[in-house]
2 protein chains.
Amino acid sequence: MLRISKLTDYGTLILVHLASVAPNKPCPASEIAAGTGLALPTVQKVLKKLARGKLVVSSRGADGGYRLAREPDAIDAAEILDVLEGPLAITECSHDDSHCELESNCQVGGAWQKISRAIRAAMTEIRLSDLRNPPTEFPLRYTILSESGHLGRTDK
Amino acid sequence: MLRISKLTDYGTLILVHLASVAPNKPCPASEIAAGTGLALPTVQKVLKKLARGKLVVSSRGADGGYRLAREPDAIDAAEILDVLEGPLAITECSHDDSHCELESNCQVGGAWQKISRAIRAAMTEIRLSDLRNPPTEFPLRYTILSESGHLGRTDK
DNA sequence: AACAATAGGACTATTTTAGTCCAATATATG
DNA sequence: CATATATTGGACTAAAATAGTCCTATTGTT
Ligand code: FES
Ligand code: FES
């Protein structure tokens with residue numbers, strides 16, 4: 001349903017690992033690889049993306065490494081997905097640039113994009129601290145409210 | 001965020017189209033192609049998947065075609081995704097079969113899978129009839145409730 | 001019989017993803 | 001200053017998923 005790549009999963013593992021070590025001691029990639037069981041080159045690759053995405057900060061040189069840029073409860077799942085999955089639109093609406101050739105006779109009007117945005121908003125409420133040892137379930141009760149009124153259920 | 005393939009987007013277009021024509025007159029693929037602006041071979045391919053997934057029923061032979069298997073408000077978005085995107089797990093947890101080599105020292109414990117299941121549950125509340133001419137937004141207010149208690153916000 | 005459709009799958013090309021590796025740069029330390 | 005430790009940035013290959021087209025067989029109508 002929500003499909004994330006392996007790299008993103010790795011990234012989560014890494015972030016959670018970083019959240020569980022001493023916050024101000026930079027943790028080198030090799031240590032993270034050992035701690036998570038992931039291959040070192042892969043860990044390095046993911047860490048670079050996380051650093052560019054400002055989720056971790058890096059220190060170079062001896063005694064360097066990575067540490068979280070913020071507290072674990074100040075990093076949310078939407079950010080993690082943004083950084084590791086890219087800005088990816090849900091669909092390009094069967095076209096490439098922003099204008100759709102089918103638009104004139106299209107009755108869908110980007111419903112999936114809207115749903116995706118709604119899900120993203122929900123993701124901002126899930127924090128890195130929630131990802132560590134998560135509950136057995138994430139009972140996500142949701143409500144869709146439509147301004148135009150034709151969607152107005154409060155719950156199932 | 002929620003990434004769906006083009007084929008799934010096409011499928012939505014097709015289903016919405018079928019929802020807007022006479023319900024009991026089978027609609028041939030060629031007509032759907034013309035009505036949606038999609039290429040015929042693509043439409044045919046998607047319709048086959050929809051038929052196998054029991055979302056549409058087909059009639060062969062002259063005067064044949066496809067029609068919705070159920071009323072538009074009896075088909076939900078989760079089903080559409082199941083049929084067109086496959087059963088796809090969100091991640092394989094960095095492994096192939098059901099047992100994960102990292103499991104012993106893993107602190108994540110399939111958080112993404114759980115989130116995905118929650119999102120899927122939310123998707124069952126969105127119906128095909130909602131996808132047609134959707135509201136300008138899908139304000140999806142959600143609540144995460146944790147049985148283990150460490151997730152307990154009611155709203156933002 | 002002729003025609004109109006779907007069923008099923010093969011097939012190719014393109015794109016995305018995964019994974020590894022290397023050369024360059026920065027930093028701490030003795 | 002020399003050396004060892006680390007990140008940075010990108011190149012590179014292999015594998016897998018996606019998109020799109022097309023062909024043949026079957027089914028049903030007239
Ligand atoms: S398919 Fe592009 S606007 Fe609907
Ligand atoms: S990565 Fe497989 S159980 Fe956590």
# chains A, B, ... in the order shown; residues from 1 in each chain; ligands from 1
call {"tool": "residues_around", "arguments": {"residues": "DA4 of chain D", "least_positions_apart": "3", "cutoff": "12 Å", "atoms": "only C-alpha atoms (C1' of nucleotides)", "output": "list in words"}}
result
Gly61, Ala62 and Asp63 of chain A; DT27, DA28, DT29 and DG30 of chain C
call {"tool": "interface_residues", "arguments": {"of": "chain B", "to": "chain C", "cutoff": "9 Å", "atoms": "only C-alpha atoms (C1' of nucleotides)", "output": "list in words"}}
result
Pro28, Ala29, Gln44, Lys48, Ser58, Ser59, Arg60, Gly61, Ala62, Asp63, Gly64 and Gly65 of chain B
call {"tool": "write_last_selection", "arguments": {"atoms": "N, CA, C and O atoms", "output": "PDB file, in the first residue's frame"}}
result
ATOM      1  N   PRO B  28     -17.411  -1.681 -24.116  1.00  0.00           N
ATOM      2  CA  PRO B  28     -16.214  -2.289 -24.711  1.00  0.00           C
ATOM      3  C   PRO B  28     -14.966  -1.449 -24.435  1.00  0.00           C
ATOM      4  O   PRO B  28     -15.043  -0.234 -24.236  1.00  0.00           O
ATOM      5  N   ALA B  29     -13.830  -2.133 -24.444  1.00  0.00           N
ATOM      6  CA  ALA B  29     -12.565  -1.461 -24.132  1.00  0.00           C
ATOM      7  C   ALA B  29     -12.322  -0.295 -25.077  1.00  0.00           C
ATOM      8  O   ALA B  29     -11.798   0.745 -24.660  1.00  0.00           O
ATOM      9  N   GLN B  44      -6.873  -2.221 -22.429  1.00  0.00           N
ATOM     10  CA  GLN B  44      -7.169  -3.653 -22.420  1.00  0.00           C
ATOM     11  C   GLN B  44      -6.427  -4.366 -21.311  1.00  0.00           C
ATOM     12  O   GLN B  44      -6.975  -5.206 -20.596  1.00  0.00           O
ATOM     13  N   LYS B  48      -8.125  -6.270 -17.996  1.00  0.00           N
ATOM     14  CA  LYS B  48      -7.938  -7.683 -17.660  1.00  0.00           C
ATOM     15  C   LYS B  48      -7.627  -7.858 -16.187  1.00  0.00           C
ATOM     16  O   LYS B  48      -8.161  -8.758 -15.524  1.00  0.00           O
ATOM     17  N   SER B  58     -16.919  -9.090 -17.160  1.00  0.00           N
ATOM     18  CA  SER B  58     -16.772  -8.959 -18.604  1.00  0.00           C
ATOM     19  C   SER B  58     -17.819  -9.786 -19.333  1.00  0.00           C
ATOM     20  O   SER B  58     -18.282 -10.801 -18.825  1.00  0.00           O
ATOM     21  N   SER B  59     -18.186  -9.314 -20.487  1.00  0.00           N
ATOM     22  CA  SER B  59     -19.036 -10.096 -21.387  1.00  0.00           C
ATOM     23  C   SER B  59     -18.286 -10.219 -22.691  1.00  0.00           C
ATOM     24  O   SER B  59     -17.789  -9.213 -23.218  1.00  0.00           O
ATOM     25  N   ARG B  60     -18.172 -11.396 -23.191  1.00  0.00           N
ATOM     26  CA  ARG B  60     -17.438 -11.598 -24.423  1.00  0.00           C
ATOM     27  C   ARG B  60     -18.372 -11.550 -25.617  1.00  0.00           C
ATOM     28  O   ARG B  60     -19.587 -11.541 -25.470  1.00  0.00           O
ATOM     29  N   GLY B  61     -17.731 -11.524 -26.745  1.00  0.00           N
ATOM     30  CA  GLY B  61     -18.517 -11.544 -27.974  1.00  0.00           C
ATOM     31  C   GLY B  61     -19.075 -10.187 -28.337  1.00  0.00           C
ATOM     32  O   GLY B  61     -18.865  -9.194 -27.639  1.00  0.00           O
ATOM     33  N   ALA B  62     -19.736 -10.171 -29.463  1.00  0.00           N
ATOM     34  CA  ALA B  62     -20.341  -8.933 -29.925  1.00  0.00           C
ATOM     35  C   ALA B  62     -21.258  -8.359 -28.852  1.00  0.00           C
ATOM     36  O   ALA B  62     -21.913  -9.106 -28.119  1.00  0.00           O
ATOM     37  N   ASP B  63     -21.249  -7.042 -28.784  1.00  0.00           N
ATOM     38  CA  ASP B  63     -22.043  -6.357 -27.764  1.00  0.00           C
ATOM     39  C   ASP B  63     -21.540  -6.631 -26.364  1.00  0.00           C
ATOM     40  O   ASP B  63     -22.243  -6.371 -25.390  1.00  0.00           O
ATOM     41  N   GLY B  64     -20.325  -7.153 -26.294  1.00  0.00           N
ATOM     42  CA  GLY B  64     -19.751  -7.416 -24.978  1.00  0.00           C
ATOM     43  C   GLY B  64     -19.046  -6.197 -24.441  1.00  0.00           C
ATOM     44  O   GLY B  64     -19.198  -5.090 -24.967  1.00  0.00           O
ATOM     45  N   GLY B  65     -18.270  -6.400 -23.426  1.00  0.00           N
ATOM     46  CA  GLY B  65     -17.552  -5.302 -22.807  1.00  0.00           C
ATOM     47  C   GLY B  65     -17.441  -5.518 -21.312  1.00  0.00           C
ATOM     48  O   GLY B  65     -17.545  -6.649 -20.835  1.00  0.00           O
TER      49      GLY B  65
END
call {"tool": "closest_residue", "arguments": {"among": "D:DT3, D:DT13, D:DT24, D:DT18", "to": "chain B", "atoms": "only C-alpha atoms (C1' of nucleotides)"}}
result
D:DT18
call {"tool": "closest_atom_pairs", "arguments": {"of": "chain D", "to": "chain A", "cutoff": "10 Å", "atoms": "only C-alpha atoms (C1' of nucleotides)", "output": "tab-separated table"}}
result
residue	atom	partner	partner_atom	distance
D:DA4	C1'	A:Ala62	CA	7.5
D:DT5	C1'	A:Ala62	CA	4.0
D:DA6	C1'	A:Gly61	CA	4.6
D:DT7	C1'	A:Arg60	CA	5.0
D:DT8	C1'	A:Lys48	CA	8.0
D:DG9	C1'	A:Lys48	CA	9.3
call {"tool": "closest_residue", "arguments": {"among": "A:Ala77, A:Ala39, A:Met1, A:Ile14", "to": "chain B", "atoms": "only C-alpha atoms"}}
result
A:Met1
call {"tool": "closest_residue", "arguments": {"among": "B:Ala111, B:Val83, B:Ile75, B:Leu55", "to": "Ile126 of chain B", "atoms": "only C-alpha atoms"}}
result
B:Ile75
call {"tool": "closest_residue", "arguments": {"among": "A:Pro72, A:Gly53, A:Gly35, A:Pro41", "to": "chain B", "atoms": "only C-alpha atoms"}}
result
A:Gly35
call {"tool": "closest_residue", "arguments": {"among": "A:Cys27, A:Ala51, A:Val46, A:Leu38", "to": "chain B", "atoms": "only C-alpha atoms"}}
result
A:Leu38
call {"tool": "closest_residue", "arguments": {"among": "B:Ala22, B:Asp82, B:Trp112, B:Ala74", "to": "Glu125 of chain B", "atoms": "only C-alpha atoms"}}
result
B:Ala74
call {"tool": "residues_around", "arguments": {"residues": "segment 16-21 of chain B", "least_positions_apart": "5", "cutoff": "8 Å", "atoms": "only C-alpha atoms (C1' of nucleotides)", "output": "mmCIF file with all heavy atoms, in the first residue's frame"}}
result
data_model
loop_
_atom_site.group_PDB
_atom_site.id
_atom_site.type_symbol
_atom_site.label_atom_id
_atom_site.label_comp_id
_atom_site.auth_asym_id
_atom_site.auth_seq_id
_atom_site.Cartn_x
_atom_site.Cartn_y
_atom_site.Cartn_z
ATOM 1 N N GLN A 107 -12.381 12.959 -14.851
ATOM 2 C CA GLN A 107 -13.292 13.117 -13.721
ATOM 3 C C GLN A 107 -12.615 12.813 -12.400
ATOM 4 O O GLN A 107 -13.213 12.932 -11.346
ATOM 5 C CB GLN A 107 -14.489 12.170 -13.893
ATOM 6 C CG GLN A 107 -15.281 12.430 -15.149
ATOM 7 C CD GLN A 107 -16.366 11.406 -15.312
ATOM 8 O OE1 GLN A 107 -16.118 10.209 -15.330
ATOM 9 N NE2 GLN A 107 -17.595 11.875 -15.416
ATOM 10 N N VAL A 108 -11.370 12.376 -12.477
ATOM 11 C CA VAL A 108 -10.694 11.993 -11.246
ATOM 12 C C VAL A 108 -10.052 13.204 -10.588
ATOM 13 O O VAL A 108 -10.158 13.403 -9.376
ATOM 14 C CB VAL A 108 -9.633 10.913 -11.538
ATOM 15 C CG1 VAL A 108 -8.802 10.655 -10.306
ATOM 16 C CG2 VAL A 108 -10.323 9.636 -11.988
ATOM 17 N N CYS B 27 -19.552 -2.074 -21.535
ATOM 18 C CA CYS B 27 -18.833 -1.033 -22.247
ATOM 19 C C CYS B 27 -17.550 -1.628 -22.812
ATOM 20 O O CYS B 27 -16.685 -2.062 -22.057
ATOM 21 C CB CYS B 27 -18.523 0.096 -21.265
ATOM 22 S SG CYS B 27 -17.776 1.540 -21.999
ATOM 23 N N ILE B 32 -14.024 2.701 -23.875
ATOM 24 C CA ILE B 32 -13.374 3.253 -22.685
ATOM 25 C C ILE B 32 -12.128 4.023 -23.089
ATOM 26 O O ILE B 32 -11.843 5.104 -22.572
ATOM 27 C CB ILE B 32 -13.036 2.124 -21.696
ATOM 28 C CG1 ILE B 32 -14.318 1.437 -21.229
ATOM 29 C CG2 ILE B 32 -12.251 2.664 -20.518
ATOM 30 C CD1 ILE B 32 -14.087 0.228 -20.360
ATOM 31 N N GLY B 35 -13.201 7.206 -24.463
ATOM 32 C CA GLY B 35 -13.761 8.072 -23.432
ATOM 33 C C GLY B 35 -12.728 8.650 -22.486
ATOM 34 O O GLY B 35 -12.889 9.749 -21.963
ATOM 35 N N THR B 36 -11.657 7.906 -22.250
ATOM 36 C CA THR B 36 -10.658 8.375 -21.290
ATOM 37 C C THR B 36 -9.463 9.034 -21.961
ATOM 38 O O THR B 36 -8.701 9.747 -21.306
ATOM 39 C CB THR B 36 -10.130 7.205 -20.437
ATOM 40 O OG1 THR B 36 -9.588 6.202 -21.310
ATOM 41 C CG2 THR B 36 -11.229 6.595 -19.604
ATOM 42 N N ARG B 67 -18.414 -4.061 -17.275
ATOM 43 C CA ARG B 67 -19.188 -3.189 -16.412
ATOM 44 C C ARG B 67 -18.735 -3.420 -14.975
ATOM 45 O O ARG B 67 -18.117 -4.437 -14.660
ATOM 46 C CB ARG B 67 -20.681 -3.448 -16.565
ATOM 47 C CG ARG B 67 -21.113 -4.848 -16.237
ATOM 48 C CD ARG B 67 -22.607 -5.025 -16.505
ATOM 49 N NE ARG B 67 -23.139 -6.147 -15.776
ATOM 50 C CZ ARG B 67 -22.988 -7.434 -16.146
ATOM 51 N NH1 ARG B 67 -22.328 -7.724 -17.243
ATOM 52 N NH2 ARG B 67 -23.484 -8.405 -15.393
ATOM 53 N N LEU B 68 -19.033 -2.475 -14.131
ATOM 54 C CA LEU B 68 -18.623 -2.591 -12.735
ATOM 55 C C LEU B 68 -19.261 -3.815 -12.101
ATOM 56 O O LEU B 68 -20.413 -4.146 -12.369
ATOM 57 C CB LEU B 68 -19.029 -1.345 -11.952
ATOM 58 C CG LEU B 68 -18.265 -0.052 -12.251
ATOM 59 C CD1 LEU B 68 -18.784 1.058 -11.357
ATOM 60 C CD2 LEU B 68 -16.775 -0.244 -12.056
ATOM 61 N N GLU B 71 -21.740 -1.622 -7.181
ATOM 62 C CA GLU B 71 -22.037 -0.197 -7.206
ATOM 63 C C GLU B 71 -20.784 0.598 -6.861
ATOM 64 O O GLU B 71 -19.942 0.124 -6.100
ATOM 65 C CB GLU B 71 -23.133 0.123 -6.177
ATOM 66 C CG GLU B 71 -24.488 -0.481 -6.521
ATOM 67 C CD GLU B 71 -25.069 0.125 -7.793
ATOM 68 O OE1 GLU B 71 -25.247 1.353 -7.832
ATOM 69 O OE2 GLU B 71 -25.316 -0.638 -8.758
ATOM 70 N N PRO B 72 -20.672 1.796 -7.398
ATOM 71 C CA PRO B 72 -19.484 2.615 -7.142
ATOM 72 C C PRO B 72 -19.220 2.883 -5.667
ATOM 73 O O PRO B 72 -18.083 3.097 -5.277
ATOM 74 C CB PRO B 72 -19.796 3.919 -7.880
ATOM 75 C CG PRO B 72 -20.749 3.541 -8.946
ATOM 76 C CD PRO B 72 -21.583 2.423 -8.370
ATOM 77 N N LEU B 128 -15.090 4.303 -4.516
ATOM 78 C CA LEU B 128 -14.977 4.710 -5.911
ATOM 79 C C LEU B 128 -15.819 5.948 -6.181
ATOM 80 O O LEU B 128 -15.408 6.841 -6.926
ATOM 81 C CB LEU B 128 -15.404 3.553 -6.832
ATOM 82 C CG LEU B 128 -15.405 3.830 -8.316
ATOM 83 C CD1 LEU B 128 -14.040 4.320 -8.801
ATOM 84 C CD2 LEU B 128 -15.799 2.577 -9.090
ATOM 85 N N SER B 129 -16.967 6.000 -5.545
ATOM 86 C CA SER B 129 -17.825 7.167 -5.758
ATOM 87 C C SER B 129 -17.185 8.437 -5.218
ATOM 88 O O SER B 129 -17.526 9.538 -5.650
ATOM 89 C CB SER B 129 -19.191 6.931 -5.107
ATOM 90 O OG SER B 129 -19.038 6.397 -3.806
ATOM 91 N N LEU B 131 -13.957 8.966 -5.499
ATOM 92 C CA LEU B 131 -12.838 9.275 -6.385
ATOM 93 C C LEU B 131 -13.278 10.111 -7.577
ATOM 94 O O LEU B 131 -12.471 10.824 -8.180
ATOM 95 C CB LEU B 131 -12.212 7.962 -6.887
ATOM 96 C CG LEU B 131 -10.921 7.487 -6.228
ATOM 97 C CD1 LEU B 131 -10.756 8.045 -4.825
ATOM 98 C CD2 LEU B 131 -10.850 5.981 -6.218
ATOM 99 N N ARG B 132 -14.525 9.973 -7.899
ATOM 100 C CA ARG B 132 -15.036 10.737 -9.023
ATOM 101 C C ARG B 132 -15.313 12.161 -8.560
ATOM 102 O O ARG B 132 -16.019 12.361 -7.574
ATOM 103 C CB ARG B 132 -16.323 10.085 -9.524
ATOM 104 C CG ARG B 132 -16.932 10.801 -10.682
ATOM 105 C CD ARG B 132 -18.235 10.112 -11.068
ATOM 106 N NE ARG B 132 -18.866 10.799 -12.185
ATOM 107 C CZ ARG B 132 -20.070 10.503 -12.637
ATOM 108 N NH1 ARG B 132 -20.740 9.524 -12.083
ATOM 109 N NH2 ARG B 132 -20.572 11.166 -13.641
#
call {"tool": "decode", "arguments": {"residues": "chain C", "atoms": "C-alpha atoms (C1' of nucleotides)", "output": "PDB file, in the first residue's frame"}}
result
ATOM      1  C1'  DA C   1     -20.387 -17.771 -41.566  1.00  0.00           C
ATOM      2  C1'  DA C   2     -18.859 -13.356 -40.280  1.00  0.00           C
ATOM      3  C1'  DC C   3     -17.983 -10.203 -36.873  1.00  0.00           C
ATOM      4  C1'  DA C   4     -17.082  -8.178 -32.303  1.00  0.00           C
ATOM      5  C1'  DA C   5     -15.151  -8.651 -28.075  1.00  0.00           C
ATOM      6  C1'  DT C   6     -12.510 -10.528 -24.194  1.00  0.00           C
ATOM      7  C1'  DA C   7      -8.618 -13.964 -22.308  1.00  0.00           C
ATOM      8  C1'  DG C   8      -4.137 -14.959 -21.784  1.00  0.00           C
ATOM      9  C1'  DG C   9       0.249 -14.347 -22.253  1.00  0.00           C
ATOM     10  C1'  DA C  10       4.670 -13.272 -24.722  1.00  0.00           C
ATOM     11  C1'  DC C  11       7.716  -9.808 -25.687  1.00  0.00           C
ATOM     12  C1'  DT C  12      10.718  -5.593 -25.665  1.00  0.00           C
ATOM     13  C1'  DA C  13      12.221  -1.318 -24.010  1.00  0.00           C
ATOM     14  C1'  DT C  14      12.655   1.809 -20.400  1.00  0.00           C
ATOM     15  C1'  DT C  15      13.199   3.183 -15.859  1.00  0.00           C
ATOM     16  C1'  DT C  16      14.025   2.496 -11.063  1.00  0.00           C
ATOM     17  C1'  DT C  17      16.344   0.312  -7.394  1.00  0.00           C
ATOM     18  C1'  DA C  18      20.195  -1.976  -5.052  1.00  0.00           C
ATOM     19  C1'  DG C  19      24.595  -2.475  -4.109  1.00  0.00           C
ATOM     20  C1'  DT C  20      29.550  -1.662  -4.502  1.00  0.00           C
ATOM     21  C1'  DC C  21      33.627   0.943  -5.072  1.00  0.00           C
ATOM     22  C1'  DC C  22      36.944   4.768  -5.692  1.00  0.00           C
ATOM     23  C1'  DA C  23      39.303   9.259  -5.415  1.00  0.00           C
ATOM     24  C1'  DA C  24      39.142  13.520  -2.769  1.00  0.00           C
ATOM     25  C1'  DT C  25      38.731  16.029   1.454  1.00  0.00           C
ATOM     26  C1'  DA C  26      38.574  16.990   6.305  1.00  0.00           C
ATOM     27  C1'  DT C  27      39.937  16.184  11.226  1.00  0.00           C
ATOM     28  C1'  DA C  28      42.099  14.452  15.383  1.00  0.00           C
ATOM     29  C1'  DT C  29      46.340  12.932  17.493  1.00  0.00           C
ATOM     30  C1'  DG C  30      51.077  11.893  18.600  1.00  0.00           C
TER      31       DG C  30
END
